[in-house]
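Shown next, in structure tokens, is the structure this report addresses.
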Amino acid sequence: MNKTIRRASVFCLLLVLALLVRVTWVQAYQGRALADNENNRRNLIGQYENPLGNIIVGGEAITGSVKTGGKDFGYKRTYVDGPLYAPITGYSSQAFGTSMLEGVYKKILNGSDDRLKTVMDMLTNKRATPGNVLTTIDKGVQRAAYDALQGKQGAAVAIDPATGEILAIVNNPSFDPGSITGANDAAAWDKLIEDKGKAMENVALRKPQAPGSTFKLVTLAAAIENGLVTNLDTPTGTPDPYTIPGTRTLLPSEAGSAACNNASARTALRLSCNNVFAELAHKLGQDKMRAMAEKLGFNTETATPVTARPASKYPTQKMSVDQVAQTGIGQFDVQATPLQMAMVTAAIENGGKLVAPHSVSEVTDANGNVLESFKNPKSEQVMNPRTASMLQDAMRTVATEGGGKPAQVAGAEVGGKTGTAQRGVNNSLPPLAWFTSYGKQGGKQIAVAVVIENSDTDRSEIGGGKLAAPIAQKMMEAWLKK
């Protein structure tokens, strides 16, 4: 064999070896990654080849599957009371992917999770029978919030403070996830994302906004924990008119200077006196205020297991003294979701212990075997029980003598806090109306937070007690009177 042929033969052999190495690498090492790639259409077809597993509320499936009659996709997702439960389920769409619980537990619900597979399934790489997701949502509380929010734009969350179980997550406007489950629902999708997708915006979990005076609960908690307030009925010595520290700007209170001048902590919470809470925040300083807020969940992306993203926020950047004072009344850069404010109230009602909020109790296979359980959630003592008791006492005054009267539930102990938060450049947008409360009766307890973004109410009449408290009342009543 001459030299040229020999060299050509060796070169060809090396090319063959290189191809064999590459094929081996792709099959042995990259096979799983390629199989799981979101752009692999075979996976998408496989997900809808058979009926999906279900999301369960109160022992009943609120999802289902129906045959499509199509060539590629054998089934598509269906929903029971889709708009009612959309903030919980999210959607499972052949064209647009998944969201919320449908997204978090996609592999459980479509049978591709390895925990569902038998030994034979593993050997044959067969898709297993799908599992189910059991939620903590209470039908009555969910329905009460949904009905009460009709005609208003806003959101509400309810939590059982003792267990951390989320009893309701409601948004209005909502949407029907069943309208976008197919492969050819582009028109329905386009309609939903009009107006920046507001119908699919999960305000309850994922839209932090200024919490206004409901944040005064956090300020008062920090003040009690740090010894600035030792008695709810002792005058604070805070003047009104009150000038924001570091400025020449007067900070008004809706109740007026005469009522808020030298007010006690109890009176200040009942009348929502801005001067008292701005001064408490000023005296505490940024670090102590932030520490209390973070103990209650601010600056952390809470997983329910749907992640509340972006996180509710207490500023971490260095603030001026006037900015710190403004945070004491829930303004400047303080932002919170209804979930976050419900967590604050839940910790107060639960003796200062915050139990991790969760909307799923168990994840099971098709035979009911538990794959994941949330029945022993993490808990943390975030404030002294005495602090929590004092806060409950002050909140009861708000509900019996203040703006929280519309939240009263017959025969139950109720405590609350109203809030009205300015927004927009020069307050150009209607203010947010907030209300957060707790209720307990006969061994049952509930913590609720409601925010109203828009309604047909005249601007001068917008307030947490008028707009949001009646919704909280309906939710608490649905749980306590069950």
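Ligands are numbered from 1 in the order shown, residues from 1 within each chain, and chains are lettered A, B, ... in the order they appear in the structure tokens.
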
Residues near range 291-299 of chain A, cut-off 9 Å, only C-alpha atoms, skip fewer than 6 positions along chain, as an MDAnalysis selection string:
chainID A and resid 218:219 221:222 225 310:316 335:336 340 343:344 347 354 380:383

Determine, for each residue of range 278-385 of chain A having at least one atom at most 9 Å from an atom of range 227-246 of chain A, the closest pair of atoms and their separation in Å to one decimal, counting only C-alpha atoms; order by chain and ascending number, as JSON lines.
{"residue": "A:Ala278", "atom": "CA", "partner": "A:Ile244", "partner_atom": "CA", "distance": 7.7}
{"residue": "A:Glu279", "atom": "CA", "partner": "A:Thr238", "partner_atom": "CA", "distance": 7.1}
{"residue": "A:Leu280", "atom": "CA", "partner": "A:Leu228", "partner_atom": "CA", "distance": 7.6}
{"residue": "A:His282", "atom": "CA", "partner": "A:Pro245", "partner_atom": "CA", "distance": 7.6}
{"residue": "A:Lys283", "atom": "CA", "partner": "A:Leu228", "partner_atom": "CA", "distance": 8.4}
{"residue": "A:Leu284", "atom": "CA", "partner": "A:Leu228", "partner_atom": "CA", "distance": 8.1}
{"residue": "A:Ser320", "atom": "CA", "partner": "A:Gly246", "partner_atom": "CA", "distance": 8.1}
{"residue": "A:Val321", "atom": "CA", "partner": "A:Pro245", "partner_atom": "CA", "distance": 6.2}
{"residue": "A:Asp322", "atom": "CA", "partner": "A:Pro245", "partner_atom": "CA", "distance": 5.1}
{"residue": "A:Gln323", "atom": "CA", "partner": "A:Pro245", "partner_atom": "CA", "distance": 8.8}
{"residue": "A:Ala325", "atom": "CA", "partner": "A:Ile244", "partner_atom": "CA", "distance": 7.0}
{"residue": "A:Gln326", "atom": "CA", "partner": "A:Ile244", "partner_atom": "CA", "distance": 8.1}

At a cut-off of 12 Å, using only C-alpha atoms, what residues contact Ala399 in chain A? Leave out same-chain residues fewer than 2 positions from it and give the result as a ChimeraX atom specification.
/A:266,269-271,392-397,401-409,412-418,435-439,465,469-470,472-473

For the residues selected in the previous step, produce a file with N, CA, C and O atoms as a compact mmCIF listing (two decimals), in the first residue's frame.
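So again_26.txt came out as:
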# COMPACT_ATOMS: atom_id res chain seq x y z
N ARG A 266 -52.91 52.51 70.76
CA ARG A 266 -54.23 51.95 70.45
C ARG A 266 -55.05 52.93 69.62
O ARG A 266 -55.63 52.57 68.59
N LEU A 269 -53.67 53.32 66.06
CA LEU A 269 -54.01 52.24 65.14
C LEU A 269 -55.48 52.33 64.73
O LEU A 269 -55.82 52.14 63.57
N ARG A 270 -56.35 52.69 65.72
CA ARG A 270 -57.78 52.78 65.42
C ARG A 270 -58.07 53.90 64.44
O ARG A 270 -58.85 53.73 63.50
N LEU A 271 -57.43 55.05 64.63
CA LEU A 271 -57.66 56.21 63.78
C LEU A 271 -56.68 56.28 62.61
O LEU A 271 -56.79 57.16 61.76
N GLN A 392 -53.11 42.02 68.77
CA GLN A 392 -54.49 41.54 68.65
C GLN A 392 -55.44 42.48 69.38
O GLN A 392 -56.53 42.81 68.87
N ASP A 393 -55.03 42.92 70.57
CA ASP A 393 -55.85 43.82 71.37
C ASP A 393 -56.13 45.11 70.61
O ASP A 393 -57.28 45.58 70.53
N ALA A 394 -55.07 45.68 70.02
CA ALA A 394 -55.24 46.92 69.27
C ALA A 394 -56.08 46.71 68.01
O ALA A 394 -56.90 47.57 67.65
N MET A 395 -55.91 45.58 67.35
CA MET A 395 -56.68 45.28 66.14
C MET A 395 -58.16 45.07 66.47
O MET A 395 -59.04 45.41 65.65
N ARG A 396 -58.45 44.52 67.63
CA ARG A 396 -59.86 44.36 68.02
C ARG A 396 -60.54 45.73 68.15
O ARG A 396 -61.71 45.89 67.81
N THR A 397 -59.78 46.71 68.65
CA THR A 397 -60.33 48.06 68.78
C THR A 397 -60.66 48.64 67.41
O THR A 397 -61.69 49.32 67.24
N GLU A 401 -64.44 49.63 67.08
CA GLU A 401 -64.67 51.07 67.23
C GLU A 401 -64.16 51.89 66.04
O GLU A 401 -64.47 53.08 65.94
N GLY A 402 -63.39 51.27 65.15
CA GLY A 402 -62.76 52.02 64.07
C GLY A 402 -63.27 51.66 62.70
O GLY A 402 -64.40 51.18 62.52
N GLY A 403 -62.41 51.85 61.71
CA GLY A 403 -62.79 51.63 60.31
C GLY A 403 -63.04 50.18 59.95
O GLY A 403 -63.55 49.89 58.86
N GLY A 404 -62.70 49.26 60.85
CA GLY A 404 -62.89 47.84 60.56
C GLY A 404 -64.23 47.28 60.98
O GLY A 404 -64.45 46.05 60.89
N LYS A 405 -65.15 48.12 61.39
CA LYS A 405 -66.46 47.63 61.83
C LYS A 405 -67.18 46.76 60.80
O LYS A 405 -67.84 45.78 61.16
N PRO A 406 -67.07 47.08 59.49
CA PRO A 406 -67.77 46.24 58.50
C PRO A 406 -67.25 44.79 58.44
O PRO A 406 -67.88 43.96 57.78
N ALA A 407 -66.16 44.50 59.12
CA ALA A 407 -65.62 43.14 59.09
C ALA A 407 -66.15 42.26 60.22
O ALA A 407 -65.80 41.08 60.28
N GLN A 408 -66.97 42.81 61.08
CA GLN A 408 -67.47 42.03 62.22
C GLN A 408 -68.24 40.79 61.78
O GLN A 408 -69.03 40.84 60.84
N VAL A 409 -67.95 39.67 62.45
CA VAL A 409 -68.67 38.41 62.24
C VAL A 409 -69.39 38.07 63.54
O VAL A 409 -68.75 37.98 64.60
N ALA A 412 -68.03 36.02 66.74
CA ALA A 412 -66.60 35.74 66.59
C ALA A 412 -65.77 36.91 67.08
O ALA A 412 -66.22 38.06 67.10
N GLU A 413 -64.53 36.61 67.47
CA GLU A 413 -63.57 37.66 67.78
C GLU A 413 -62.90 38.08 66.48
O GLU A 413 -62.37 37.25 65.75
N VAL A 414 -62.95 39.36 66.19
CA VAL A 414 -62.38 39.88 64.95
C VAL A 414 -61.46 41.06 65.26
O VAL A 414 -61.80 41.92 66.08
N GLY A 415 -60.31 41.07 64.63
CA GLY A 415 -59.40 42.20 64.70
C GLY A 415 -58.96 42.56 63.30
O GLY A 415 -58.83 41.69 62.44
N GLY A 416 -58.74 43.85 63.05
CA GLY A 416 -58.39 44.24 61.69
C GLY A 416 -57.56 45.49 61.60
O GLY A 416 -57.28 46.14 62.60
N LYS A 417 -57.17 45.83 60.38
CA LYS A 417 -56.48 47.09 60.10
C LYS A 417 -56.81 47.52 58.68
O LYS A 417 -56.66 46.75 57.73
N THR A 418 -57.26 48.76 58.56
CA THR A 418 -57.54 49.35 57.27
C THR A 418 -56.28 49.95 56.67
O THR A 418 -55.29 50.18 57.36
N PHE A 435 -57.43 45.95 53.39
CA PHE A 435 -57.90 45.54 54.72
C PHE A 435 -57.30 44.19 55.03
O PHE A 435 -57.29 43.29 54.18
N THR A 436 -56.77 44.06 56.25
CA THR A 436 -56.29 42.76 56.71
C THR A 436 -56.88 42.50 58.08
O THR A 436 -57.07 43.43 58.88
N SER A 437 -57.22 41.25 58.35
CA SER A 437 -57.93 40.94 59.59
C SER A 437 -57.74 39.50 60.00
O SER A 437 -57.30 38.65 59.21
N TYR A 438 -58.07 39.23 61.25
CA TYR A 438 -58.15 37.86 61.72
C TYR A 438 -59.52 37.65 62.35
O TYR A 438 -60.17 38.60 62.80
N GLY A 439 -59.96 36.41 62.37
CA GLY A 439 -61.19 36.06 63.04
C GLY A 439 -61.02 34.70 63.70
O GLY A 439 -60.32 33.83 63.16
N GLY A 465 -61.74 50.33 54.85
CA GLY A 465 -62.89 49.92 55.65
C GLY A 465 -64.15 49.80 54.83
O GLY A 465 -64.98 48.91 55.06
N ALA A 469 -62.97 45.75 53.65
CA ALA A 469 -63.41 45.06 54.87
C ALA A 469 -64.65 44.19 54.66
O ALA A 469 -64.72 43.07 55.20
N PRO A 470 -65.67 44.63 53.90
CA PRO A 470 -66.82 43.75 53.70
C PRO A 470 -66.47 42.45 52.99
O PRO A 470 -67.11 41.42 53.22
N ALA A 472 -63.49 40.89 53.30
CA ALA A 472 -62.85 40.09 54.35
C ALA A 472 -63.90 39.46 55.27
O ALA A 472 -63.77 38.31 55.69
N GLN A 473 -64.95 40.23 55.56
CA GLN A 473 -66.02 39.72 56.42
C GLN A 473 -66.68 38.48 55.82
O GLN A 473 -66.93 37.49 56.52

One-decimal distance in Å that lies between CA of Thr136 in chain A and CA of Lys375 in chain A:
10.0 Å
